[in-house]
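*Asks:* The structure is given below, and queries will be raised subsequently.
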Amino acid sequence: MSVALDEVKQRLREFAAGQAAGVSPLYEHLATKAAEDDEVAGLLTEATDGAALLLAAAHRLVQADPIHPLSRYYPSLGGFDGVDSATWPVFREFLVERADKVRAIVSTRHAETNEVGRAAALYPAVAMAAKQAGGKVALLEVGCSGGLLLGLDTFGYRYQCDGGEQLLAGPAKAAVGLHCALGLEPGAVLPKLPKKVSVGAKVGLDRAPVDVSDEDELAWLEACVWADQLDRIRLLRAAAAAQRKSAPELVTGDAVDDLAAAAARTGDLPLVVLTSRVLAHLAEERRAEFVEGVAKLAASRPVWWVSDEPYEAGLSYLLPGRPELNFFDGTGLCTLGLVSWRHGAAEAWALAQTSRHGNRMTWLAP
């Protein structure tokens, strides 16, 4: 289904101002300029996703042609030129010359968000669920993309607290090490983090899972990371390399319709269902059906739902009437939630406010 040009341009403006500003000078500049250019913006009218997909397509095409002058502006390819007066003209010419390739990518691909750093936000909630379970758990990540977050039990974590204290968790010699600033809301206390979470089964469910052992697929995941965010790219590569040694099972299917079948593939262990910035991409009625589906899983086994989602798209369905938790608008911050079911009744906790890439979280008061 095609999208009106004016809507595409508005999405590009919103991306530049709401996501890239203050974070990625390169992407803020390119998205802002693209929103003013009918020919470049028009490349997105048949796209499967929003504004980020254009920049991901460009990144992938520059990966394939790393000697092009545009690569000078891409730190991911060794470029070190900052944004200047030539950046947009070079970028524009590059895309227009490859318009057919751009259209082919944006009409068939999705902007994948396999953000490894978000595991740092999820880990405390998964650890709480595992403690309540009293032992080994199974993980089911819905909207898993390449499934890299399923490696969260193997990552090392360093939480830098505002008062100077550090919390360490995970294996001491982990191949993937994550750093996260941890603040406290007034009245909140630091979470207790175990050194280890014992996981007995891992399954990912996605509409189109990505095989990170395939170099072309991994290159697409890298292309979806902003080109001037080198730490994020390094984490992606490290997590992908680690996953190849012990790959989880990734299942193709719908987040609602195929949830029960995917859960069955994890065996009979207590189950932790994970969602990380996924539910906002579902229609509102499908979100409600997803939550109902997770609740139904709890009829036959212990189930916990760990969600890192905008409050209105996730936790609000089971913890309503908390508008102060809707941090997302204008900030991109999400609410880390933990839900369990006992005798059919849900018990829900809002644990923390989390940043877009998992590098900062604020623990909430009970």
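Ligands are numbered from 1 in the order shown, chains are lettered A, B, ... in the order of the structure tokens, and residues start at 1 in each chain.
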List every residue of segment 69-165 of chain A that has an atom at most 12 Å from any atom of segment 241-259 of chain A, and for each one report the closest atom pair and its distance in Å to one decimal, counting only C-alpha atoms, with rows sorted by chain and then by increasing residue number, as a Markdown table.

*Replies:*
| residue | atom | partner | partner_atom | distance |
| --- | --- | --- | --- | --- |
| A:Val116 | CA | A:Gln243 | CA | 11.8 |
| A:Ala138 | CA | A:Pro248 | CA | 11.2 |
| A:Leu139 | CA | A:Pro248 | CA | 9.8 |
| A:Leu140 | CA | A:Leu259 | CA | 9.2 |
| A:Glu141 | CA | A:Leu250 | CA | 9.2 |
| A:Val142 | CA | A:Ala255 | CA | 6.2 |
| A:Gly143 | CA | A:Ala255 | CA | 7.0 |
| A:Cys144 | CA | A:Leu250 | CA | 7.9 |
| A:Ser145 | CA | A:Leu250 | CA | 8.7 |
| A:Gly146 | CA | A:Leu250 | CA | 8.0 |
| A:Gly147 | CA | A:Leu250 | CA | 7.1 |
| A:Leu148 | CA | A:Gln243 | CA | 7.1 |
| A:Leu149 | CA | A:Gln243 | CA | 9.9 |
| A:Leu150 | CA | A:Pro248 | CA | 7.3 |
| A:Gly151 | CA | A:Gln243 | CA | 7.1 |
| A:Leu152 | CA | A:Gln243 | CA | 10.7 |
| A:Asp153 | CA | A:Gln243 | CA | 11.8 |
| A:Thr154 | CA | A:Ala242 | CA | 9.0 |
| A:Phe155 | CA | A:Ala242 | CA | 9.6 |

*Asks:* Using N, CA and C atoms, can you write the selected residues to a file as a short mmCIF file (atom, residue, chain, number, x, y, z; two decimals), in the first residue's frame?

*Replies:*
data_model
loop_
_atom_site.label_atom_id
_atom_site.label_comp_id
_atom_site.auth_asym_id
_atom_site.auth_seq_id
_atom_site.Cartn_x
_atom_site.Cartn_y
_atom_site.Cartn_z
N VAL A 116 21.05 -4.61 20.89
CA VAL A 116 21.60 -5.48 21.93
C VAL A 116 21.61 -4.78 23.29
N ALA A 138 12.45 -20.71 30.88
CA ALA A 138 12.53 -20.66 29.43
C ALA A 138 12.25 -19.23 28.99
N LEU A 139 12.87 -18.80 27.89
CA LEU A 139 12.66 -17.47 27.34
C LEU A 139 11.96 -17.57 26.00
N LEU A 140 10.93 -16.75 25.81
CA LEU A 140 10.27 -16.62 24.51
C LEU A 140 10.25 -15.13 24.17
N GLU A 141 11.02 -14.74 23.16
CA GLU A 141 11.03 -13.34 22.74
C GLU A 141 10.10 -13.17 21.54
N VAL A 142 9.10 -12.32 21.70
CA VAL A 142 8.15 -12.04 20.62
C VAL A 142 8.59 -10.77 19.90
N GLY A 143 8.72 -10.86 18.57
CA GLY A 143 9.30 -9.77 17.80
C GLY A 143 10.81 -9.81 17.90
N CYS A 144 11.37 -11.01 17.70
CA CYS A 144 12.79 -11.23 18.02
C CYS A 144 13.77 -10.75 16.97
N SER A 145 13.34 -10.50 15.74
CA SER A 145 14.26 -10.16 14.65
C SER A 145 15.35 -11.23 14.57
N GLY A 146 16.59 -10.90 14.88
CA GLY A 146 17.67 -11.88 14.86
C GLY A 146 17.82 -12.66 16.15
N GLY A 147 17.00 -12.34 17.15
CA GLY A 147 17.01 -13.09 18.40
C GLY A 147 18.17 -12.81 19.32
N LEU A 148 18.86 -11.69 19.12
CA LEU A 148 20.08 -11.44 19.90
C LEU A 148 19.78 -11.17 21.37
N LEU A 149 18.62 -10.62 21.68
CA LEU A 149 18.29 -10.38 23.09
C LEU A 149 18.11 -11.68 23.87
N LEU A 150 17.91 -12.78 23.17
CA LEU A 150 17.79 -14.06 23.84
C LEU A 150 19.12 -14.50 24.46
N GLY A 151 20.19 -13.82 24.13
CA GLY A 151 21.48 -14.10 24.76
C GLY A 151 21.69 -13.36 26.05
N LEU A 152 20.66 -12.71 26.58
CA LEU A 152 20.85 -11.82 27.74
C LEU A 152 21.41 -12.53 28.96
N ASP A 153 21.20 -13.84 29.08
CA ASP A 153 21.73 -14.57 30.23
C ASP A 153 23.24 -14.80 30.12
N THR A 154 23.79 -14.57 28.92
CA THR A 154 25.23 -14.79 28.71
C THR A 154 26.02 -13.48 28.68
N PHE A 155 25.33 -12.35 28.73
CA PHE A 155 26.00 -11.05 28.65
C PHE A 155 26.49 -10.63 30.05
#

*Asks:* Using only C-alpha atoms, which residues of segment 18-70 of chain A come within 12 Å of segment 318-342 of chain A, and what is the closest atom pair for each, with the distance in Å to one decimal? Give it as JSON lines, sorted by chain and residue number.

*Replies:*
{"residue": "A:Gly18", "atom": "CA", "partner": "A:Gly330", "partner_atom": "CA", "distance": 6.4}
{"residue": "A:Gln19", "atom": "CA", "partner": "A:Gly332", "partner_atom": "CA", "distance": 7.5}
{"residue": "A:Ala20", "atom": "CA", "partner": "A:Gly332", "partner_atom": "CA", "distance": 10.9}
{"residue": "A:Ala21", "atom": "CA", "partner": "A:Thr331", "partner_atom": "CA", "distance": 11.0}
{"residue": "A:Gly22", "atom": "CA", "partner": "A:Thr331", "partner_atom": "CA", "distance": 11.6}

*Asks:* Given the selection you just returned, output its residues as a file containing C-alpha atoms, formatted as an mmCIF file, in the first residue's frame.

*Replies:*
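Printed below is selection.cif as written:
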data_model
loop_
_atom_site.group_PDB
_atom_site.id
_atom_site.type_symbol
_atom_site.label_atom_id
_atom_site.label_comp_id
_atom_site.auth_asym_id
_atom_site.auth_seq_id
_atom_site.Cartn_x
_atom_site.Cartn_y
_atom_site.Cartn_z
ATOM 1 C CA GLY A 18 12.221 13.263 17.592
ATOM 2 C CA GLN A 19 14.815 10.515 17.251
ATOM 3 C CA ALA A 20 18.009 11.683 15.587
ATOM 4 C CA ALA A 21 18.311 15.200 17.060
ATOM 5 C CA GLY A 22 21.030 15.329 19.677
#

*Asks:* Please provide as an mmCIF file with C-alpha atoms, in the first residue's frame all residues within 8 Å of segment 167-183 of chain A, with the sequence filter that same-chain residues fewer than 6 positions apart are discarded (counting only C-alpha atoms).

*Replies:*
data_model
loop_
_atom_site.group_PDB
_atom_site.id
_atom_site.type_symbol
_atom_site.label_atom_id
_atom_site.label_comp_id
_atom_site.auth_asym_id
_atom_site.auth_seq_id
_atom_site.Cartn_x
_atom_site.Cartn_y
_atom_site.Cartn_z
ATOM 1 C CA GLY A 117 21.954 -2.732 24.541
ATOM 2 C CA ALA A 120 20.625 -4.203 30.074
ATOM 3 C CA ASP A 153 21.733 -14.569 30.235
ATOM 4 C CA THR A 154 25.230 -14.785 28.712
ATOM 5 C CA PHE A 155 25.998 -11.048 28.655
ATOM 6 C CA GLY A 156 27.968 -9.158 31.262
ATOM 7 C CA TYR A 157 26.419 -6.041 32.829
ATOM 8 C CA ARG A 158 27.841 -2.989 34.545
ATOM 9 C CA TYR A 159 25.265 -0.596 36.003
ATOM 10 C CA GLN A 160 26.716 2.772 36.974
ATOM 11 C CA CYS A 161 24.562 4.289 39.695
ATOM 12 C CA LEU A 193 20.813 -8.337 40.651
ATOM 13 C CA PRO A 194 21.966 -11.964 40.679
ATOM 14 C CA LYS A 195 25.224 -12.916 39.020
ATOM 15 C CA LYS A 196 23.444 -15.530 36.962
ATOM 16 C CA VAL A 197 20.049 -16.298 35.454
ATOM 17 C CA LEU A 235 27.772 -4.802 20.257
ATOM 18 C CA ALA A 238 29.840 -9.334 19.231
ATOM 19 C CA ALA A 239 26.365 -10.651 20.076
ATOM 20 C CA ALA A 242 28.408 -15.290 20.330
ATOM 21 C CA GLY A 358 19.266 0.608 26.797
ATOM 22 C CA ASN A 359 22.159 2.769 27.992
ATOM 23 C CA ARG A 360 20.192 4.422 30.793
ATOM 24 C CA MET A 361 17.323 3.489 33.079
ATOM 25 C CA THR A 362 15.633 5.097 36.078
ATOM 26 C CA TRP A 363 14.320 2.699 38.702
#

*Asks:* What parts of segment 104-316 of chain A does DSSP call alpha helix (DSSP H)? I'd like the answer as a PyMOL selection string.

*Replies:* chain A and resi 104-106+119-133+215-224+230-245+259-264+284-297

*Asks:* Excluding same-chain residues fewer than 5 positions from segment 287-300 of chain A, what lies within 8 Å of it counting only C-alpha atoms, as a PyMOL selection string?

*Replies:* chain A and resi 255-256+259-260+263+273+279+282+305+313-314+317+341+343-344+346

*Asks:* Atoms to include: N, CA and C atoms. Write the selected residues as an mmCIF file, in the first residue's frame.

*Replies:*
data_model
loop_
_atom_site.group_PDB
_atom_site.id
_atom_site.type_symbol
_atom_site.label_atom_id
_atom_site.label_comp_id
_atom_site.auth_asym_id
_atom_site.auth_seq_id
_atom_site.Cartn_x
_atom_site.Cartn_y
_atom_site.Cartn_z
ATOM 1 N N ALA A 255 2.669 -12.544 16.091
ATOM 2 C CA ALA A 255 2.817 -12.337 17.530
ATOM 3 C C ALA A 255 1.606 -12.801 18.316
ATOM 4 N N VAL A 256 0.439 -12.779 17.705
ATOM 5 C CA VAL A 256 -0.793 -13.194 18.384
ATOM 6 C C VAL A 256 -1.190 -14.608 17.985
ATOM 7 N N LEU A 259 1.465 -17.362 18.979
ATOM 8 C CA LEU A 259 2.095 -17.250 20.291
ATOM 9 C C LEU A 259 2.076 -18.576 21.047
ATOM 10 N N ALA A 260 0.932 -19.215 21.117
ATOM 11 C CA ALA A 260 0.811 -20.458 21.891
ATOM 12 C C ALA A 260 1.696 -21.559 21.315
ATOM 13 N N ALA A 263 5.279 -20.845 22.233
ATOM 14 C CA ALA A 263 5.496 -21.117 23.653
ATOM 15 C C ALA A 263 5.637 -22.614 23.905
ATOM 16 N N VAL A 273 8.080 -14.471 28.938
ATOM 17 C CA VAL A 273 7.821 -13.895 27.617
ATOM 18 C C VAL A 273 8.434 -12.496 27.578
ATOM 19 N N LEU A 279 5.246 -3.838 20.677
ATOM 20 C CA LEU A 279 3.786 -3.758 20.664
ATOM 21 C C LEU A 279 3.248 -2.496 20.013
ATOM 22 N N LEU A 282 1.933 -2.993 16.608
ATOM 23 C CA LEU A 282 0.695 -3.738 16.403
ATOM 24 C C LEU A 282 -0.496 -2.798 16.502
ATOM 25 N N TRP A 305 5.583 -11.997 32.100
ATOM 26 C CA TRP A 305 5.761 -11.158 30.914
ATOM 27 C C TRP A 305 6.654 -9.989 31.291
ATOM 28 N N ALA A 313 1.156 1.157 25.130
ATOM 29 C CA ALA A 313 1.144 0.023 24.210
ATOM 30 C C ALA A 313 1.348 -1.306 24.919
ATOM 31 N N GLY A 314 1.721 -1.264 26.204
ATOM 32 C CA GLY A 314 2.032 -2.501 26.893
ATOM 33 C C GLY A 314 1.392 -2.632 28.257
ATOM 34 N N TYR A 317 -2.453 -2.266 29.757
ATOM 35 C CA TYR A 317 -3.529 -3.236 29.636
ATOM 36 C C TYR A 317 -3.738 -4.014 30.937
ATOM 37 N N TRP A 341 0.957 -14.141 36.726
ATOM 38 C CA TRP A 341 -0.438 -14.531 36.895
ATOM 39 C C TRP A 341 -0.546 -15.580 38.001
ATOM 40 N N HIS A 343 -3.606 -17.910 39.728
ATOM 41 C CA HIS A 343 -5.021 -18.313 39.715
ATOM 42 C C HIS A 343 -5.841 -17.447 38.756
ATOM 43 N N GLY A 344 -5.231 -17.130 37.613
ATOM 44 C CA GLY A 344 -5.923 -16.378 36.580
ATOM 45 C C GLY A 344 -5.898 -14.881 36.748
ATOM 46 N N ALA A 346 -3.856 -11.281 37.217
ATOM 47 C CA ALA A 346 -2.552 -10.702 36.888
ATOM 48 C C ALA A 346 -2.066 -9.794 38.015
#

*Asks:* With a distance cut-off of 8 Å and only C-alpha atoms, select the neighbouring residues of segment 74-87 of chain A, excluding the residue or stretch itself and same-chain residues fewer than 2 positions from it, and output the selection as a ChimeraX atom specification.

*Replies:* /A:25-26,29,63,66,70-72,89-91,227-230,233
